[in-house]
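Undergrad: Sharing a structure, written as C-alpha cells. Questions coming.
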Amino acid sequence: MKRPLIAGNWKMFKTVDEAVSLVQTIKAGVSRGADSQIVICPPFTALYAVSKALEGSRIDLGAQNMHPENEGAYTGEISPPMLKDVGCRYVILGHSERRQYFKETSVFINEKVKTALKYSLVPIVCIGETLQEREAKQQFEIVKAQMEQTFKDLSKEEMLKLVIAYEPIWAIGTGRTASPEQAEQMQSYIRRLLKETYSSESAVKIQIIYGGSVKPDNIAALMKKPNVDGALVGGASLKAETFVQIVQNATSEIHIEAGS
Ligand code: PGA
C-alpha cells in the first residue's frame, strides 16, 4: 500500500507568529492515525521558527525555492546549505509561479535540482502545462520537454531521491481541479517516460504527486489512482482544519483502481 506524501505550499502567506500557530494546530491534528508523509513549506522568514515548532513531530519542513549556488553575491537569494541549516529536508523547485513570474527556465531549475541533491535536500520538482497548451492538445509534449530539460544528466539513483509534482497550471488556485482521470492520465504518462529513460524498477519507486486545487473533498478520489502518490496543496494548506482533513482523507480509502 502506498504511503501518501502530502505537502503544504504556503506561498507568500503567514508572518512568523501566524506560521507557528498554524503549525501547532496542524501538528496536534495529525498526531494520531493516518500514516502519511507530511511536509510543510512556509515562507523563508518563518522557516526557522517553524522548524523549532516541528521538533519531535512527524512533519517535515520544506522551502519553496532556492538558488543553485552554495554561496555568493546573489542579493536576495537563499542557498541550499542555508536551508539545511534551518532544518529543511525538502525544497519545492520549478513551481509554475516561479517559471511564470520570475522567468525561471527548466535549464535553471535543472541546476537547482542538482545542487539540492548534492546537499541532500529532497527536491519536489513541479511540471505542468498551461490551459492554452492543454486546449491545443500539447500537454504531453510540453510535459515531456519539461522533464527532459529539468532532469537532464540526472542518474537513476538521483531520480529516486526526488519527488515529481504534476501541477497543471490551469488548476492552480483556480478551484478547477484536474479530474482524477486527467491526473492519472498524465501521471501514468510521466511514469512511462521514466521507465523508458531509467529502469522500470526505479520508475515505479519515484513518487509522483498531484497539485492544483486539492481539497478535502477531492483528495480521496485522486489517491485511488495508481499513479497519484500524494498531493502538493496550496490554498487549502493555509487553514489547519482543511489541511488536516486532506491528510486524513488521503489515507481513508486507498483501494487502488486498476492501473491504466
Ligand atoms: P492550489 O495551489 O492548491 O492553491 O491550487 C497548488 C500549488 O500551487 O502548489
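Going through the C-alpha cells in order, the chains are called A, B, and so on, while each chain numbers its residues from 1 and the ligands are numbered from 1 in the order shown.
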List the neighbours of region 154-165 of chain A out to 9 Å using only C-alpha atoms; skip same-chain residues closer than 3 positions along the sequence, and give me the result as number ranges by chain.
TA: A: 95, 110, 113-114, 117, 120-128, 151, 197-199, 202-203, 205-211, 230-232
Undergrad: Can you check which residues of region 53-97 of chain A DSSP gives as helix (DSSP H, G or I) on the backbone and send them as a PyMOL selection string?
TA: chain A and resi 53-54+80-85+96-97
Undergrad: Could you turn the residues from that selection into a file that holds N, CA and C atoms, as a short mmCIF file (atom, residue, chain, number, x, y, z; two decimals), in the first residue's frame?
TA:
```
data_model
loop_
_atom_site.label_atom_id
_atom_site.label_comp_id
_atom_site.auth_asym_id
_atom_site.auth_seq_id
_atom_site.Cartn_x
_atom_site.Cartn_y
_atom_site.Cartn_z
N ALA A 53 9.25 24.62 16.04
CA ALA A 53 7.91 24.17 16.45
C ALA A 53 7.65 22.73 16.03
N LEU A 54 8.36 22.27 14.99
CA LEU A 54 8.12 20.91 14.49
C LEU A 54 8.99 19.86 15.17
N PRO A 80 21.21 26.34 -0.74
CA PRO A 80 20.88 25.03 -0.15
C PRO A 80 21.43 24.82 1.26
N PRO A 81 22.72 25.15 1.53
CA PRO A 81 23.17 24.94 2.92
C PRO A 81 22.42 25.80 3.94
N MET A 82 21.95 26.97 3.50
CA MET A 82 21.16 27.81 4.43
C MET A 82 19.85 27.11 4.78
N LEU A 83 19.27 26.44 3.79
CA LEU A 83 18.01 25.72 4.04
C LEU A 83 18.25 24.54 4.97
N LYS A 84 19.36 23.84 4.74
CA LYS A 84 19.69 22.72 5.63
C LYS A 84 19.89 23.24 7.06
N ASP A 85 20.56 24.38 7.14
CA ASP A 85 20.89 24.98 8.44
C ASP A 85 19.65 25.27 9.29
N SER A 96 5.25 26.59 -10.95
CA SER A 96 4.84 27.37 -12.14
C SER A 96 4.84 28.87 -11.86
N GLU A 97 4.62 29.25 -10.58
CA GLU A 97 4.65 30.70 -10.28
C GLU A 97 6.08 31.23 -10.41
#
```
Undergrad: Identify, counting only C-alpha atoms and all ligand atoms, the protein, DNA and RNA residues located within 8 Å of ligand 1, and give them as a PDB file with N, CA, C and O atoms, in the first residue's frame.
TA:
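out12.pdb written:
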```
ATOM      1  N   GLY A   8       2.289  20.895   1.985  1.00  0.00           N
ATOM      2  CA  GLY A   8       1.559  22.169   2.005  1.00  0.00           C
ATOM      3  C   GLY A   8       2.494  23.289   1.555  1.00  0.00           C
ATOM      4  O   GLY A   8       3.555  23.489   2.144  1.00  0.00           O
ATOM      5  N   ASN A   9       2.093  23.985   0.502  1.00  0.00           N
ATOM      6  CA  ASN A   9       2.874  25.115  -0.013  1.00  0.00           C
ATOM      7  C   ASN A   9       2.160  26.393   0.420  1.00  0.00           C
ATOM      8  O   ASN A   9       1.119  26.737  -0.122  1.00  0.00           O
ATOM      9  N   LYS A  11       3.115  29.403   0.114  1.00  0.00           N
ATOM     10  CA  LYS A  11       3.377  30.550  -0.776  1.00  0.00           C
ATOM     11  C   LYS A  11       3.743  31.794   0.047  1.00  0.00           C
ATOM     12  O   LYS A  11       4.411  31.660   1.075  1.00  0.00           O
ATOM     13  N   HIS A  95       8.306  25.648  -9.368  1.00  0.00           N
ATOM     14  CA  HIS A  95       6.864  25.882  -9.283  1.00  0.00           C
ATOM     15  C   HIS A  95       6.449  26.789 -10.439  1.00  0.00           C
ATOM     16  O   HIS A  95       7.202  27.680 -10.844  1.00  0.00           O
ATOM     17  N   SER A  96       5.255  26.589 -10.953  1.00  0.00           N
ATOM     18  CA  SER A  96       4.838  27.367 -12.140  1.00  0.00           C
ATOM     19  C   SER A  96       4.838  28.870 -11.860  1.00  0.00           C
ATOM     20  O   SER A  96       5.052  29.671 -12.769  1.00  0.00           O
ATOM     21  N   GLU A  97       4.618  29.255 -10.581  1.00  0.00           N
ATOM     22  CA  GLU A  97       4.654  30.695 -10.279  1.00  0.00           C
ATOM     23  C   GLU A  97       6.083  31.232 -10.411  1.00  0.00           C
ATOM     24  O   GLU A  97       6.279  32.393 -10.778  1.00  0.00           O
ATOM     25  N   GLU A 167       1.557  19.568 -11.824  1.00  0.00           N
ATOM     26  CA  GLU A 167       0.649  20.661 -11.485  1.00  0.00           C
ATOM     27  C   GLU A 167       0.185  21.343 -12.768  1.00  0.00           C
ATOM     28  O   GLU A 167       0.892  22.219 -13.293  1.00  0.00           O
ATOM     29  N   ALA A 171      -5.102  24.554 -13.133  1.00  0.00           N
ATOM     30  CA  ALA A 171      -5.805  24.066 -11.933  1.00  0.00           C
ATOM     31  C   ALA A 171      -5.261  24.695 -10.654  1.00  0.00           C
ATOM     32  O   ALA A 171      -5.767  24.431  -9.568  1.00  0.00           O
ATOM     33  N   ILE A 172      -4.230  25.544 -10.772  1.00  0.00           N
ATOM     34  CA  ILE A 172      -3.617  26.103  -9.563  1.00  0.00           C
ATOM     35  C   ILE A 172      -4.345  27.365  -9.106  1.00  0.00           C
ATOM     36  O   ILE A 172      -4.419  28.349  -9.850  1.00  0.00           O
ATOM     37  N   GLY A 173      -4.881  27.303  -7.907  1.00  0.00           N
ATOM     38  CA  GLY A 173      -5.538  28.459  -7.299  1.00  0.00           C
ATOM     39  C   GLY A 173      -6.819  28.873  -8.017  1.00  0.00           C
ATOM     40  O   GLY A 173      -7.357  29.943  -7.765  1.00  0.00           O
ATOM     41  N   THR A 174      -7.310  28.021  -8.890  1.00  0.00           N
ATOM     42  CA  THR A 174      -8.481  28.392  -9.690  1.00  0.00           C
ATOM     43  C   THR A 174      -9.746  27.700  -9.202  1.00  0.00           C
ATOM     44  O   THR A 174     -10.841  28.028  -9.634  1.00  0.00           O
ATOM     45  N   GLY A 175      -9.584  26.714  -8.333  1.00  0.00           N
ATOM     46  CA  GLY A 175     -10.735  25.933  -7.885  1.00  0.00           C
ATOM     47  C   GLY A 175     -11.103  24.880  -8.924  1.00  0.00           C
ATOM     48  O   GLY A 175     -12.018  24.085  -8.744  1.00  0.00           O
ATOM     49  N   THR A 177      -9.979  21.711 -10.348  1.00  0.00           N
ATOM     50  CA  THR A 177      -9.053  20.581 -10.211  1.00  0.00           C
ATOM     51  C   THR A 177      -9.045  19.780 -11.495  1.00  0.00           C
ATOM     52  O   THR A 177     -10.070  19.652 -12.155  1.00  0.00           O
ATOM     53  N   GLY A 211      -0.827  18.358  -7.945  1.00  0.00           N
ATOM     54  CA  GLY A 211      -1.151  19.640  -7.314  1.00  0.00           C
ATOM     55  C   GLY A 211      -2.041  20.485  -8.200  1.00  0.00           C
ATOM     56  O   GLY A 211      -1.913  20.479  -9.430  1.00  0.00           O
ATOM     57  N   GLY A 212      -2.958  21.210  -7.567  1.00  0.00           N
ATOM     58  CA  GLY A 212      -3.885  22.082  -8.303  1.00  0.00           C
ATOM     59  C   GLY A 212      -5.269  21.955  -7.708  1.00  0.00           C
ATOM     60  O   GLY A 212      -5.982  20.999  -7.993  1.00  0.00           O
ATOM     61  N   SER A 213      -5.611  22.915  -6.811  1.00  0.00           N
ATOM     62  CA  SER A 213      -6.931  22.948  -6.175  1.00  0.00           C
ATOM     63  C   SER A 213      -7.300  21.646  -5.449  1.00  0.00           C
ATOM     64  O   SER A 213      -8.444  21.206  -5.494  1.00  0.00           O
ATOM     65  N   VAL A 214      -6.317  21.049  -4.791  1.00  0.00           N
ATOM     66  CA  VAL A 214      -6.618  19.858  -3.967  1.00  0.00           C
ATOM     67  C   VAL A 214      -7.340  20.330  -2.711  1.00  0.00           C
ATOM     68  O   VAL A 214      -6.967  21.317  -2.079  1.00  0.00           O
ATOM     69  N   LYS A 215      -8.418  19.627  -2.376  1.00  0.00           N
ATOM     70  CA  LYS A 215      -9.273  19.989  -1.238  1.00  0.00           C
ATOM     71  C   LYS A 215      -9.632  18.705  -0.474  1.00  0.00           C
ATOM     72  O   LYS A 215      -9.455  17.602  -0.996  1.00  0.00           O
ATOM     73  N   LEU A 232       0.412  18.124  -3.667  1.00  0.00           N
ATOM     74  CA  LEU A 232       1.016  19.408  -3.289  1.00  0.00           C
ATOM     75  C   LEU A 232      -0.155  20.378  -3.168  1.00  0.00           C
ATOM     76  O   LEU A 232      -0.872  20.630  -4.139  1.00  0.00           O
ATOM     77  N   VAL A 233      -0.357  20.869  -1.944  1.00  0.00           N
ATOM     78  CA  VAL A 233      -1.566  21.626  -1.638  1.00  0.00           C
ATOM     79  C   VAL A 233      -1.219  23.091  -1.379  1.00  0.00           C
ATOM     80  O   VAL A 233      -0.373  23.384  -0.530  1.00  0.00           O
ATOM     81  N   GLY A 234      -1.859  24.000  -2.091  1.00  0.00           N
ATOM     82  CA  GLY A 234      -1.616  25.425  -1.893  1.00  0.00           C
ATOM     83  C   GLY A 234      -2.641  26.010  -0.935  1.00  0.00           C
ATOM     84  O   GLY A 234      -2.554  25.867   0.289  1.00  0.00           O
ATOM     85  N   GLY A 235      -3.653  26.643  -1.485  1.00  0.00           N
ATOM     86  CA  GLY A 235      -4.667  27.361  -0.695  1.00  0.00           C
ATOM     87  C   GLY A 235      -5.215  26.582   0.489  1.00  0.00           C
ATOM     88  O   GLY A 235      -5.329  27.127   1.602  1.00  0.00           O
ATOM     89  N   ALA A 236      -5.508  25.316   0.290  1.00  0.00           N
ATOM     90  CA  ALA A 236      -6.127  24.527   1.367  1.00  0.00           C
ATOM     91  C   ALA A 236      -5.137  24.134   2.462  1.00  0.00           C
ATOM     92  O   ALA A 236      -5.529  23.531   3.460  1.00  0.00           O
ATOM     93  N   SER A 237      -3.851  24.487   2.285  1.00  0.00           N
ATOM     94  CA  SER A 237      -2.899  24.182   3.361  1.00  0.00           C
ATOM     95  C   SER A 237      -2.764  25.356   4.322  1.00  0.00           C
ATOM     96  O   SER A 237      -2.061  25.281   5.328  1.00  0.00           O
TER      97      SER A 237
END
```
Undergrad: Could you pull the residues within 10 Å of region 135-143 of chain A, counting only C-alpha atoms, minus those fewer than 6 positions along the same chain, as a PyMOL selection string?
TA: chain A and resi 127-129+166+168+185-186+189-190
Undergrad: In Å, how far is it from CA of Lys14 (chain A) to CA of Leu93 (chain A)?
TA: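 Straight-line distance from CA of Lys14 (chain A) to CA of Leu93 (chain A) works out to 20.2 Å.
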Undergrad: Env of Pro216 (chain A): 7 Å cut, atoms = only C-alpha atoms, seq-sep filter 3 positions within chain, self excluded. Answer as a PyMOL selection string.
TA: chain A and resi 219+242+245-246+249
Undergrad: Using DSSP assignments from the backbone, pull out every residue in region 97-185 of chain A that falls under strand (DSSP E or B) and give it to me as a list of chain:residue names.
TA: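 Of region 97-185 of chain A, the ones in strand (DSSP E or B) are A:Val122, A:Pro123, A:Ile124, A:Val125, A:Cys126, A:Ile127, A:Val163, A:Ile164, A:Ala165, A:Tyr166.
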Undergrad: Of the residues A:Asn227, A:Gln187, A:Gln149, A:Thr75, which is the one nearest to Glu111 (chain A), using only C-alpha atoms?
TA: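 Of all the options, A:Gln149 lies closest to Glu111 (chain A).
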